[in-house]
Amino acid sequence: MHCHVNGYPAINFCSNNYLGLAHDIRLKQAAIQAIETYGTGAGASPLVGGTQSLTAVLQEAVADFKGTEASLVFPSGYQANVAAVSAIAQPGDFIFADKLNHASLLDGCILSGAQVHRYRHLQYGDLKRMLEKTPKDAVKWIVTDTVFSMDGDITDLKILTELAATYNAGILVDEAHATGLYGDQRSSGQVEQSGLSREITLQVGTFSKALGGLGAYVAGPRILIDWMINRSRGFIYSTAPSPGMLGSALEAVRIVQTDTTLKQKLWQNVFYLQPRLNTLLARFDLPGVQARSPIFPIILGDNETTMRVSERLLSEYGIFLQGIRPPSVPRNTARLRFTVSAPHETTQLNHFLDALESTLAQTNMVH
Ligand SMILES: *Cc1c(COP(=O)(O)O)cnc(C)c1O
């Protein structure tokens with residue numbers, strides 16, 4: 001996980017390339033092959049000639065992967081979320097959204113014109129109260145990330161599907177940080193892991209994180225996918241994904257289902273780091289982290305301290321991670337958001353721990 005930041009070599013601790021697939025020779029070759037066969041661009045939007053045979057192959061592969069009837073692919077996750085949410089809900093409908101959902105989900109909610117209610121992060125009692133107050137016959141959607149990108153915490157899909165059944169709501173989940181990382185059979189995400197794929201109406205996910213490429217999918221029942229093909233402006237009015245993207249995505253979907261070595265390596269790294277990190281954080285009176293995902297937030301609270309620590313980690317120790325400040329995260333929760341990935345070596349994880357300890361000590365974090 002080496003990179004260069006402003007010309008200096010560093011170890012990358014903030015990439016979402018969790019499995020290292022972005023540098024995998026198999027993906028590179030699949031992308032090159034697709035480009036050589038189909039060219040570099042789709043040349044048009046999906047309904048006027050941009051849909052290629054490779055698109056159809058990938059859409060079928062994704063539907064198999066996610067255990068759904070059909071899927072639709074998009075050039076980016078941002079676009080897939082905006083396109084999907086704005087197509088399934090309209091004025092007069094109700095959307096219930098986790099307060100910490102990704103911005104693209106929120107933008108889709110706003111664009112739909114539906115009444116949007118944001119429940120407190122993972123607070124299902126709050127959601128239940130909102131659902132109770134909603135007219136029985138109204139169209140209702142619950143919209144949420146499955147793995148939250150800034151905290152690495154996880155939606156309880158069991159509670160969510162129970163609530164949805166009680167109040168007759170559809171569910172759309174965003175598996176951007178889950179695709180490729182969870183699930184014993186196919187590694188397709190939290191929905192597979194929870195065994196609730198039939199209860200979840202629509203699953204969005206990206207090829208841009210663990211799958212090492214670019215683009216996204218929406219997977220679900222044929223009828224909703226057909227609806228989106230005909231109604232979703234974010235799908236209709238944008239050039240179709242390029243052959244290179246499609247080629248690497250298809251190969252990544254194949255790899256994560258058949259080869260679990262990278263996933264095992266990733267989780268080994270997560271479980272190696274988490275207890276050691278907690279010992280360290282406790283020494284500085286900082287909140288601990290859990291091993292639920294490869295995303296670890298070290299919440300320092302103060303914006304300036306956060307940026308100082310991240311700058312020092314880079315300039316003195318060659319460790320690249322991002323300080324994240326409001327409005328990307330709630331106020332007073334500025335943090336170092338760092339991620340581990342499969343290619344990290346134990347020596348690099350140890351170097352990270354040592355560097356973090358020295359930097360926090362230098363930054364007068366001891367109370
Ligand atoms: C990254 C991300 C997206 C956007 O995906 P892109 O492919 O980068 O456009 C959407 N949702 C979540 C939860 C994400 O983390």
# chains A, B, ... in the order shown; residues from 1 in each chain; ligands from 1

call {"tool": "residues_near_ligand", "arguments": {"ligand": "ligand 1", "cutoff": "10 Å", "atoms": "only C-alpha atoms and all ligand atoms", "output": "VMD selection string"}}
result
chain A and resid 16 74 to 82 100 to 105 144 to 150 173 to 178 204 to 209 213 to 217

call {"tool": "select_by_dssp", "arguments": {"residues": "region 171-275 of chain A", "states": "helix (DSSP H, G or I)", "output": "ChimeraX atom specification"}}
result
/A:190-194,222-231,233-236,243-258,261-275

call {"tool": "residues_around", "arguments": {"residues": "His351 (chain A)", "least_positions_apart": "4", "cutoff": "9 Å", "atoms": "only C-alpha atoms", "output": "VMD selection string"}}
result
chain A and resid 317 319 346 to 347 355 to 356

call {"tool": "write_last_selection", "arguments": {"atoms": "all heavy atoms", "output": "compact mmCIF listing (two decimals), in the first residue's frame"}}
result
# COMPACT_ATOMS: atom_id res chain seq x y z
N TYR A 317 6.58 10.37 9.59
CA TYR A 317 6.55 8.90 9.58
C TYR A 317 6.12 8.29 8.26
O TYR A 317 6.03 7.08 8.14
CB TYR A 317 5.64 8.39 10.71
CG TYR A 317 6.08 8.86 12.07
CD1 TYR A 317 5.50 9.98 12.65
CD2 TYR A 317 7.09 8.20 12.75
CE1 TYR A 317 5.91 10.43 13.90
CE2 TYR A 317 7.52 8.63 14.00
CZ TYR A 317 6.93 9.75 14.56
OH TYR A 317 7.34 10.19 15.78
N ILE A 319 3.19 8.28 6.92
CA ILE A 319 1.89 7.61 7.01
C ILE A 319 0.81 8.55 6.49
O ILE A 319 0.63 9.66 6.99
CB ILE A 319 1.60 7.19 8.46
CG1 ILE A 319 2.47 5.98 8.76
CG2 ILE A 319 0.12 6.89 8.66
CD1 ILE A 319 2.48 5.58 10.17
N THR A 346 2.49 -6.75 8.30
CA THR A 346 2.51 -6.57 9.76
C THR A 346 3.51 -5.50 10.17
O THR A 346 3.24 -4.70 11.07
CB THR A 346 2.84 -7.91 10.45
OG1 THR A 346 1.94 -8.90 9.93
CG2 THR A 346 2.65 -7.82 11.95
N THR A 347 4.66 -5.46 9.50
CA THR A 347 5.66 -4.43 9.85
C THR A 347 5.09 -3.02 9.61
O THR A 347 5.38 -2.10 10.36
CB THR A 347 6.94 -4.58 8.99
OG1 THR A 347 6.55 -4.68 7.62
CG2 THR A 347 7.74 -5.80 9.38
N ALA A 355 4.14 5.06 15.24
CA ALA A 355 4.08 6.45 14.79
C ALA A 355 2.91 7.17 15.45
O ALA A 355 3.02 8.33 15.88
CB ALA A 355 3.94 6.50 13.28
N LEU A 356 1.79 6.49 15.55
CA LEU A 356 0.61 7.11 16.15
C LEU A 356 0.88 7.42 17.62
O LEU A 356 0.57 8.51 18.11
CB LEU A 356 -0.60 6.19 16.01
CG LEU A 356 -1.91 6.76 16.53
CD1 LEU A 356 -2.35 7.98 15.73
CD2 LEU A 356 -3.02 5.69 16.50

call {"tool": "atom_distance", "arguments": {"atom1": "CA of Gly301 (chain A)", "atom2": "CA of His121 (chain A)"}}
result
18.1 Å

call {"tool": "residues_around", "arguments": {"residues": "region 224-236 of chain A", "least_positions_apart": "6", "cutoff": "10 Å", "atoms": "only C-alpha atoms", "output": "VMD selection string"}}
result
chain A and resid 45 to 48 69 to 75 78 to 88 108 201 to 202 218

call {"tool": "select_by_dssp", "arguments": {"residues": "region 108-238 of chain A", "states": "strand (DSSP E)", "output": "MDAnalysis selection string"}}
result
chainID A and resid 115:119 140:145 170:174 202:206 216:220

call {"tool": "closest_residue", "arguments": {"among": "A:Asp107, A:Thr134, A:Ser187, A:Ser112", "to": "Pro91 (chain A)", "atoms": "only C-alpha atoms"}}
result
A:Ser112
